[in-house]
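*Asks:* mmCIF, C-alpha atoms, file query12.cif:
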data_start
#
loop_
_atom_site.label_atom_id
_atom_site.label_comp_id
_atom_site.auth_asym_id
_atom_site.auth_seq_id
_atom_site.Cartn_x
_atom_site.Cartn_y
_atom_site.Cartn_z
CA MET M 5 -7.76 -4.86 58.03
CA GLY M 6 -10.36 -3.36 55.70
CA PRO M 7 -13.41 -1.34 56.69
CA HIS M 8 -16.44 -2.91 58.32
CA PRO M 9 -18.67 -4.72 55.76
CA ALA M 10 -21.41 -2.11 56.16
CA VAL M 11 -18.98 0.73 55.53
CA ALA M 12 -17.48 -1.13 52.57
CA ALA M 13 -20.94 -1.64 51.08
CA ILE M 14 -21.96 2.01 51.24
CA ARG M 15 -18.59 3.17 49.90
CA LEU M 16 -18.83 0.77 46.97
CA ALA M 17 -22.34 1.99 46.14
CA VAL M 18 -21.16 5.61 46.17
CA ARG M 19 -18.01 4.78 44.19
CA ARG M 20 -20.09 3.29 41.39
CA VAL M 21 -22.23 6.41 41.14
CA LEU M 22 -19.20 8.71 41.20
CA ASN M 23 -17.60 6.68 38.42
CA ASP M 24 -20.76 7.15 36.36
CA ILE M 25 -20.58 10.91 36.93
CA LEU M 26 -16.90 10.98 35.96
CA ALA M 27 -17.63 9.07 32.75
CA GLU M 28 -20.41 11.52 31.88
CA HIS M 29 -17.89 14.35 32.19
CA GLY M 30 -15.19 12.57 30.19
CA ARG M 31 -12.96 12.03 33.21
CA THR M 32 -11.27 9.04 34.79
CA PRO M 33 -10.91 8.36 38.53
CA GLY M 34 -7.84 9.84 40.18
CA ARG M 35 -6.78 12.27 42.86
CA LEU M 36 -6.70 15.96 41.98
CA THR M 37 -3.78 18.31 42.08
CA PRO M 38 -4.52 21.66 43.78
CA GLU M 39 -4.62 23.28 40.33
CA GLU M 40 -7.18 20.77 39.04
CA ARG M 41 -9.49 20.99 42.04
CA SER M 42 -11.25 24.23 41.14
CA SER M 43 -12.40 22.88 37.77
CA SER M 44 -13.46 19.45 39.00
CA PRO M 45 -17.19 18.61 38.99
CA LEU M 46 -18.96 19.13 42.32
CA VAL M 47 -21.22 16.48 43.84
CA LEU M 48 -23.58 17.48 46.66
CA VAL M 49 -25.18 15.22 49.24
CA ALA M 50 -28.63 16.02 50.64
CA CYS M 51 -28.39 15.31 54.36
CA SER M 52 -31.11 15.45 57.00
CA GLY M 53 -28.83 14.16 59.75
CA GLY M 54 -30.56 10.76 59.76
CA ALA M 55 -28.65 7.49 59.49
CA ASP M 56 -29.20 7.01 55.74
CA SER M 57 -28.01 10.44 54.69
CA MET M 58 -25.17 10.61 57.24
CA ALA M 59 -23.85 7.28 55.97
CA LEU M 60 -24.09 8.67 52.45
CA ALA M 61 -22.30 11.89 53.40
CA SER M 62 -19.51 9.93 55.06
CA ALA M 63 -19.06 7.68 52.03
CA LEU M 64 -19.06 10.66 49.66
CA ALA M 65 -16.45 12.46 51.78
CA PHE M 66 -14.25 9.35 51.59
CA GLU M 67 -14.73 8.45 47.91
CA ALA M 68 -14.92 11.84 46.18
CA PRO M 69 -11.27 12.89 46.69
CA ARG M 70 -10.10 9.47 45.46
CA ALA M 71 -12.29 9.79 42.38
CA GLY M 72 -11.12 13.30 41.61
CA LEU M 73 -14.38 15.05 42.43
CA ARG M 74 -15.27 17.87 44.78
CA ALA M 75 -17.91 17.07 47.41
CA GLY M 76 -20.30 19.32 49.31
CA GLY M 77 -23.51 19.06 51.29
CA VAL M 78 -26.93 20.64 51.75
CA THR M 79 -29.33 20.25 54.65
CA VAL M 80 -32.88 21.55 54.41
CA ASP M 81 -34.71 23.02 57.38
CA HIS M 82 -38.44 22.48 56.81
CA GLY M 83 -39.35 24.48 59.91
CA LEU M 84 -41.96 21.89 60.92
CA GLN M 85 -40.59 21.04 64.37
CA PRO M 86 -39.33 22.99 67.38
CA GLY M 87 -35.58 23.43 67.22
CA SER M 88 -35.33 22.59 63.53
CA GLY M 89 -33.16 25.64 62.82
CA PRO M 90 -30.38 24.86 65.34
CA ARG M 91 -30.55 21.20 64.31
CA ALA M 92 -29.94 22.11 60.66
CA VAL M 93 -26.95 24.22 61.71
CA GLU M 94 -25.61 21.24 63.67
CA VAL M 95 -26.03 18.92 60.67
CA ALA M 96 -24.17 21.41 58.48
CA SER M 97 -21.37 21.51 61.04
CA ARG M 98 -21.10 17.70 60.96
CA LEU M 99 -20.84 17.76 57.17
CA ARG M 100 -17.99 20.24 57.37
CA GLU M 101 -16.25 18.03 59.94
CA LEU M 102 -16.40 15.22 57.37
CA GLY M 103 -14.46 17.47 55.00
CA LEU M 104 -17.30 18.48 52.69
CA ASP M 105 -17.12 21.92 51.10
CA PRO M 106 -19.25 23.84 50.23
CA VAL M 107 -21.88 23.12 52.87
CA GLU M 108 -25.05 25.07 53.51
CA SER M 109 -28.27 24.93 55.50
CA VAL M 110 -31.36 26.09 53.63
CA ALA M 111 -34.62 27.07 55.33
CA VAL M 112 -37.85 26.53 53.38
CA THR M 113 -41.53 27.31 53.84
CA VAL M 114 -43.71 24.23 53.46
CA GLY M 115 -47.08 24.80 51.81
CA ARG M 116 -50.21 22.67 52.02
CA ASP M 117 -50.79 21.41 48.48
CA GLY M 118 -51.13 17.63 48.32
CA GLY M 119 -50.91 17.08 52.09
CA PRO M 120 -48.04 17.61 54.55
CA GLU M 121 -45.74 14.90 53.20
CA ALA M 122 -46.07 15.94 49.56
CA ALA M 123 -45.75 19.63 50.42
CA ALA M 124 -42.57 19.03 52.44
CA ARG M 125 -41.13 16.95 49.60
CA ASP M 126 -41.91 19.67 47.03
CA ALA M 127 -40.28 22.34 49.19
CA ARG M 128 -37.22 20.15 49.79
CA TYR M 129 -36.63 19.39 46.11
CA ALA M 130 -37.11 23.03 45.17
CA ALA M 131 -34.41 23.95 47.70
CA LEU M 132 -32.08 21.21 46.44
CA ASP M 133 -32.61 22.29 42.84
CA ALA M 134 -31.76 25.86 43.77
CA ALA M 135 -28.64 24.78 45.67
CA ALA M 136 -27.48 22.65 42.75
CA GLU M 137 -27.93 25.58 40.38
CA ARG M 138 -26.24 27.98 42.78
CA HIS M 139 -23.14 25.79 43.14
CA ARG M 140 -23.26 24.42 39.57
CA ALA M 141 -23.27 20.89 40.97
CA ALA M 142 -22.96 17.95 38.60
CA ALA M 143 -25.23 15.83 40.81
CA VAL M 144 -27.04 15.62 44.14
CA LEU M 145 -26.91 12.33 46.04
CA LEU M 146 -29.97 11.16 47.98
CA GLY M 147 -29.97 8.53 50.73
CA HIS M 148 -33.09 6.55 49.79
CA THR M 149 -32.64 2.87 50.61
CA ARG M 150 -34.22 -0.37 49.46
CA ASP M 151 -36.67 -0.06 52.36
CA ASP M 152 -37.76 3.37 51.12
CA GLN M 153 -38.22 1.87 47.67
CA ALA M 154 -40.46 -0.90 49.03
CA GLU M 155 -42.60 1.66 50.86
CA THR M 156 -42.91 3.75 47.70
CA VAL M 157 -44.09 0.73 45.69
CA LEU M 158 -46.74 -0.11 48.28
CA LEU M 159 -47.95 3.51 48.36
CA GLY M 160 -48.22 3.45 44.57
CA LEU M 161 -50.15 0.18 44.72
CA ALA M 162 -52.57 1.67 47.25
CA ARG M 163 -53.22 4.65 44.98
CA GLY M 164 -54.01 2.40 42.03
CA SER M 165 -52.13 4.72 39.69
CA GLY M 166 -50.76 2.08 37.33
CA ILE M 167 -47.41 0.55 36.53
CA ARG M 168 -45.46 3.83 36.63
CA SER M 169 -46.37 4.34 40.29
CA LEU M 170 -45.18 0.78 41.02
CA SER M 171 -41.77 1.57 39.53
CA GLY M 172 -40.83 3.50 42.65
CA MET M 173 -37.85 5.83 42.69
CA ALA M 174 -35.36 5.90 39.84
CA ALA M 175 -31.65 5.51 40.51
CA VAL M 176 -31.20 8.59 38.31
CA SER M 177 -33.85 11.31 38.05
CA GLY M 178 -34.42 15.04 37.81
CA ALA M 179 -33.31 17.56 35.24
CA ASP M 180 -30.31 16.20 33.31
CA GLY M 181 -30.06 13.28 35.74
CA ARG M 182 -29.30 15.59 38.65
CA TYR M 183 -30.47 13.25 41.42
CA ARG M 184 -28.65 10.00 42.13
CA ARG M 185 -29.71 7.33 44.64
CA PRO M 186 -26.74 5.05 45.38
CA PHE M 187 -28.46 3.09 48.18
CA LEU M 188 -31.52 1.65 46.40
CA GLN M 189 -29.97 -1.82 46.60
CA LEU M 190 -28.95 -1.45 50.27
CA ASP M 191 -31.20 -1.86 53.27
CA ARG M 192 -31.73 0.72 55.97
CA GLN M 193 -29.94 -1.36 58.60
CA THR M 194 -26.71 -1.34 56.56
CA ALA M 195 -26.67 2.45 56.58
CA ARG M 196 -27.40 2.58 60.31
CA LYS M 197 -24.69 0.01 61.03
CA ALA M 198 -22.20 2.03 58.98
CA CYS M 199 -22.92 5.09 61.11
CA MET M 200 -22.59 3.14 64.34
CA VAL M 201 -19.19 1.59 63.54
CA GLN M 202 -17.88 4.99 62.39
CA SER M 203 -19.29 6.70 65.53
CA LEU M 204 -21.30 9.08 63.35
CA PRO M 205 -24.01 10.85 65.37
CA VAL M 206 -27.44 10.54 63.77
CA TRP M 207 -30.77 12.24 64.34
CA ASP M 208 -33.97 10.19 64.25
CA ASP M 209 -36.77 12.35 62.88
CA PRO M 210 -39.85 11.93 65.12
CA HIS M 211 -42.03 12.28 62.00
CA ASN M 212 -40.70 8.88 60.94
CA THR M 213 -42.54 7.27 63.85
CA ASP M 214 -45.58 9.57 63.90
CA PRO M 215 -48.71 7.58 62.92
CA ALA M 216 -50.24 10.78 61.54
CA TYR M 217 -48.06 10.26 58.45
CA THR M 218 -48.98 7.60 55.90
CA ARG M 219 -45.42 6.48 55.22
CA SER M 220 -44.75 6.15 58.96
CA ARG M 221 -47.79 3.88 59.40
CA LEU M 222 -46.69 1.81 56.44
CA ARG M 223 -43.14 1.51 57.81
CA HIS M 224 -44.07 0.52 61.34
CA GLU M 225 -47.37 -1.29 60.82
CA GLY M 226 -47.95 -2.19 57.17
CA LEU M 227 -44.63 -3.73 56.15
CA PRO M 228 -44.15 -5.66 59.43
CA ALA M 229 -47.66 -7.10 59.00
CA LEU M 230 -46.83 -8.18 55.44
CA GLU M 231 -43.59 -9.82 56.57
CA LYS M 232 -45.43 -11.59 59.36
CA ALA M 233 -48.01 -12.94 56.92
CA LEU M 234 -45.74 -13.65 53.96
CA GLY M 235 -42.35 -14.19 55.54
CA LYS M 236 -39.06 -12.36 55.17
CA GLY M 237 -38.06 -11.08 51.77
CA VAL M 238 -41.02 -8.79 51.14
CA VAL M 239 -38.85 -5.68 50.96
CA GLU M 240 -36.45 -7.28 48.48
CA ALA M 241 -39.36 -8.54 46.35
CA LEU M 242 -40.97 -5.11 46.27
CA ALA M 243 -37.68 -3.53 45.23
CA ARG M 244 -37.39 -6.05 42.38
CA THR M 245 -40.95 -5.23 41.39
CA ALA M 246 -40.00 -1.57 41.20
CA GLN M 247 -37.18 -2.27 38.73
CA LEU M 248 -39.27 -4.59 36.56
CA SER M 249 -42.15 -2.12 36.54
CA ARG M 250 -39.80 0.72 35.61
CA ASP M 251 -38.46 -1.23 32.65
CA ASP M 252 -42.00 -1.95 31.43
CA ALA M 253 -43.16 1.62 32.02
CA ASP M 254 -40.16 3.06 30.17
CA ALA M 255 -40.89 0.84 27.16
CA LEU M 256 -44.57 1.81 27.11
CA ASP M 257 -43.73 5.49 27.48
CA ALA M 258 -41.40 5.26 24.50
CA TRP M 259 -44.11 3.52 22.47
CA ALA M 260 -46.64 6.20 23.44
CA GLY M 261 -44.20 8.94 22.50
CA LYS M 262 -43.89 7.54 18.99
CA ALA M 263 -47.63 6.87 18.70
CA ALA M 264 -48.66 10.39 19.75
CA ALA M 265 -47.65 11.96 16.44
CA GLY M 266 -49.73 9.45 14.48
CA VAL M 267 -53.01 10.20 16.25
CA ARG M 268 -53.14 13.92 15.46
CA ASP M 269 -54.70 15.63 12.45
CA ASP M 270 -53.07 18.36 10.41
CA ASP M 271 -54.10 20.94 13.02
CA GLY M 272 -52.56 18.94 15.87
CA ARG M 273 -55.88 17.78 17.32
CA LEU M 274 -56.24 14.25 18.67
CA GLU M 275 -58.26 11.94 16.41
CA CYS M 276 -60.61 9.71 18.39
CA ALA M 277 -60.63 6.87 15.83
CA ALA M 278 -56.85 6.69 15.77
CA LEU M 279 -56.69 6.78 19.56
CA HIS M 280 -59.26 3.97 19.76
CA ASP M 281 -56.99 1.70 17.72
CA LEU M 282 -54.08 2.02 20.15
CA PRO M 283 -53.54 -0.55 22.93
CA PRO M 284 -55.17 0.79 26.15
CA ALA M 285 -51.84 1.18 28.01
CA VAL M 286 -50.40 3.22 25.15
CA ARG M 287 -53.56 5.28 24.61
CA ARG M 288 -53.80 6.26 28.28
CA ARG M 289 -50.18 7.45 28.19
CA VAL M 290 -50.89 9.59 25.14
CA LEU M 291 -53.91 11.10 26.93
CA ARG M 292 -51.95 11.74 30.12
CA ARG M 293 -49.17 13.50 28.20
CA ALA M 294 -51.72 15.61 26.31
CA ALA M 295 -53.35 16.65 29.61
CA ILE M 296 -49.97 17.60 31.13
CA ASP M 297 -49.01 19.53 28.00
CA ALA M 298 -52.30 21.43 28.33
CA GLY M 299 -51.40 22.52 31.87
CA ALA M 300 -52.59 19.75 34.21
CA PRO M 301 -50.07 19.28 37.06
CA ALA M 302 -48.54 15.81 36.75
CA GLY M 303 -48.61 15.24 40.51
CA SER M 304 -52.35 15.90 40.68
CA LEU M 305 -53.31 13.87 37.63
CA PHE M 306 -54.44 10.45 38.81
CA ALA M 307 -55.51 7.26 37.04
CA ARG M 308 -59.19 8.05 37.58
CA HIS M 309 -58.81 11.30 35.65
CA ILE M 310 -57.28 9.55 32.67
CA GLU M 311 -59.92 6.80 32.81
CA GLU M 312 -62.67 9.41 32.52
CA VAL M 313 -60.96 10.99 29.51
CA ASP M 314 -60.40 7.54 28.01
CA ARG M 315 -64.15 6.90 28.12
CA LEU M 316 -64.60 9.81 25.72
CA ILE M 317 -62.78 7.53 23.27
CA THR M 318 -63.92 4.03 24.19
CA GLY M 319 -67.35 4.63 25.72
CA TRP M 320 -68.69 7.65 23.85
CA ARG M 321 -72.34 8.25 24.70
CA GLY M 322 -72.49 11.98 24.14
CA GLN M 323 -71.18 12.76 27.63
CA GLY M 324 -70.04 16.25 28.54
CA ALA M 325 -66.59 17.68 29.19
CA ILE M 326 -64.22 16.19 31.78
CA ASN M 327 -62.68 18.61 34.27
CA LEU M 328 -59.04 17.87 35.09
CA PRO M 329 -56.62 19.43 37.61
CA GLY M 330 -55.10 22.75 36.62
CA ARG M 331 -58.39 23.99 35.12
CA VAL M 332 -57.82 21.72 32.13
CA VAL M 333 -60.91 20.49 30.30
CA ALA M 334 -61.19 17.50 27.95
CA ARG M 335 -64.13 17.24 25.54
CA ARG M 336 -65.01 15.37 22.37
CA GLN M 337 -65.89 17.51 19.38
CA GLY M 338 -66.73 16.07 15.96
CA GLY M 339 -64.50 13.02 16.17
CA ARG M 340 -61.66 14.98 17.76
CA LEU M 341 -60.54 15.10 21.38
CA VAL M 342 -59.83 18.62 22.58
CA ILE M 343 -57.79 19.01 25.78
CA ARG M 344 -57.02 22.56 26.88
CA GLN M 345 -57.29 24.97 29.77
CA GLY M 346 -60.81 26.29 29.96
#
Any chance you could put this one into structure tokens?
*Replies:*
Amino acid sequence: MGPHPAVAAIRLAVRRVLNDILAEHGRTPGRLTPEERSSSPLVLVACSGGADSMALASALAFEAPRAGLRAGGVTVDHGLQPGSGPRAVEVASRLRELGLDPVESVAVTVGRDGGPEAAARDARYAALDAAAERHRAAAVLLGHTRDDQAETVLLGLARGSGIRSLSGMAAVSGADGRYRRPFLQLDRQTARKACMVQSLPVWDDPHNTDPAYTRSRLRHEGLPALEKALGKGVVEALARTAQLSRDDADALDAWAGKAAAGVRDDDGRLECAALHDLPPAVRRRVLRRAAIDAGAPAGSLFARHIEEVDRLITGWRGQGAINLPGRVVARRQGGRLVIRQG
């Protein structure tokens, strides 16, 4: 008898990602000899102890040796709840029991920039980046599911930040494709079922049900209300929207990248007339990239900022400079657009 369907589904999703990693390193799937093990690429799993990441850790522990890869784990202690330290130690112990090695628990200090959710995310990814560098990991697996993707799309829609924000989370992201998300086509219940049938203990983060957090309200109030009004299938439709939006956004980004060189003068300044001739979607991408290159933090640069800069091109009435995040200033000077820190 084979594994439970939920377990089979998560293992297959992880196997596909591991095969991609092997191909990138010029390797083929196969068990390692003891001599080969030390030189095999290492794949880490980021694990909070919740159902999604525990299911992912279990699948990685099962599939990695069969693929010929080493597997380890990292859990991040955000220090935001009583008992978070001992809980992180317990999660690390569970990862070791699964056979993962190396395993470590990393404590971080969460700042305040961008709100509590964004600050915690920034601290977590910084810790995961550092762990990946420290262990020279080929990749870090994340347990985001199709449900998480649907929530991300709705949050992007609410912000009104354009098609890129509707594209949700990429299956592969980060420096050199470090982060991999095997579960974006699987729902949250599949991961939870896989943990239950394998008797894997899971921890349910109380922040996930705390209405003080936007994503929690969306998960427990917003999405159920949409499904009640529109019927089942909303989550799947939003996940499809994310993929279609990502394809469109990637194409427009590539177009903007090629167009950027053609709208600059010999001194590298942006020419307003040339910018005006570009399609709006392409022009706004060129302006956004120019603002980021000048020092504006990408995470703080919203659609409204770019719209204001765009009006220096399309609605020029002699208006003054536009202040952007990161102390970046955009102004029009003699038919040129100047974007720099001021």
*Asks:* Got a sec: who's within 8 Å of Gly115 of chain M, counting all atoms listed in the file, leaving out chain neighbours fewer than 2 positions off, as a PyMOL selection string?
*Replies:* chain M and resi 113+117+120+123-124+127
*Asks:* Could those selected residues go to a file with C-alpha atoms, as a CSV table (one decimal), in the coordinates of the input?
*Replies:*
chain,number,residue,atom,x,y,z
M,113,THR,CA,-41.5,27.3,53.8
M,117,ASP,CA,-50.8,21.4,48.5
M,120,PRO,CA,-48.0,17.6,54.6
M,123,ALA,CA,-45.8,19.6,50.4
M,124,ALA,CA,-42.6,19.0,52.4
M,127,ALA,CA,-40.3,22.3,49.2
*Asks:* Between atom CA of Leu282 of chain M and atom CA of Arg268 of chain M, what is the spacing in Å?
*Replies:* 12.8 Å
*Asks:* Would you write out, as a list in words, every residue that the PyMOL selection byres ((chain M and resi 52-60) around 6) captures in this file?
*Replies:* Cys51, Ala61, Ser62, Ala63, Thr79, Val95, Gly147, Ala195, Arg196, Cys199, Val206, Trp207 and Asp208 of chain M
*Asks:* Could you expand the PyMOL selection byres ((chain M and resi 265) around 12) into the explicit residues it covers here, written as a PDB file with C-alpha atoms, in the coordinates of the input?
*Replies:*
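Output file expr_22.pdb follows:
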ATOM      1  CA  TRP M 259     -44.110   3.520  22.470  1.00  0.00           C
ATOM      2  CA  ALA M 260     -46.640   6.200  23.440  1.00  0.00           C
ATOM      3  CA  GLY M 261     -44.200   8.940  22.500  1.00  0.00           C
ATOM      4  CA  LYS M 262     -43.890   7.540  18.990  1.00  0.00           C
ATOM      5  CA  ALA M 263     -47.630   6.870  18.700  1.00  0.00           C
ATOM      6  CA  ALA M 264     -48.660  10.390  19.750  1.00  0.00           C
ATOM      7  CA  GLY M 266     -49.730   9.450  14.480  1.00  0.00           C
ATOM      8  CA  VAL M 267     -53.010  10.200  16.250  1.00  0.00           C
ATOM      9  CA  ARG M 268     -53.140  13.920  15.460  1.00  0.00           C
ATOM     10  CA  ASP M 269     -54.700  15.630  12.450  1.00  0.00           C
ATOM     11  CA  ASP M 270     -53.070  18.360  10.410  1.00  0.00           C
ATOM     12  CA  ASP M 271     -54.100  20.940  13.020  1.00  0.00           C
ATOM     13  CA  GLY M 272     -52.560  18.940  15.870  1.00  0.00           C
ATOM     14  CA  ARG M 273     -55.880  17.780  17.320  1.00  0.00           C
ATOM     15  CA  LEU M 274     -56.240  14.250  18.670  1.00  0.00           C
ATOM     16  CA  GLU M 275     -58.260  11.940  16.410  1.00  0.00           C
ATOM     17  CA  ALA M 278     -56.850   6.690  15.770  1.00  0.00           C
ATOM     18  CA  LEU M 279     -56.690   6.780  19.560  1.00  0.00           C
ATOM     19  CA  VAL M 290     -50.890   9.590  25.140  1.00  0.00           C
ATOM     20  CA  ARG M 293     -49.170  13.500  28.200  1.00  0.00           C
ATOM     21  CA  ALA M 294     -51.720  15.610  26.310  1.00  0.00           C
TER      22      ALA M 294
END
*Asks:* May I ask for the distance between atom CA of Glu28 of chain M and atom CA of Leu73 of chain M, given in Å to one decimal place?
*Replies:*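 Result for atom CA of Glu28 of chain M versus atom CA of Leu73 of chain M: 12.7 Å, one decimal.
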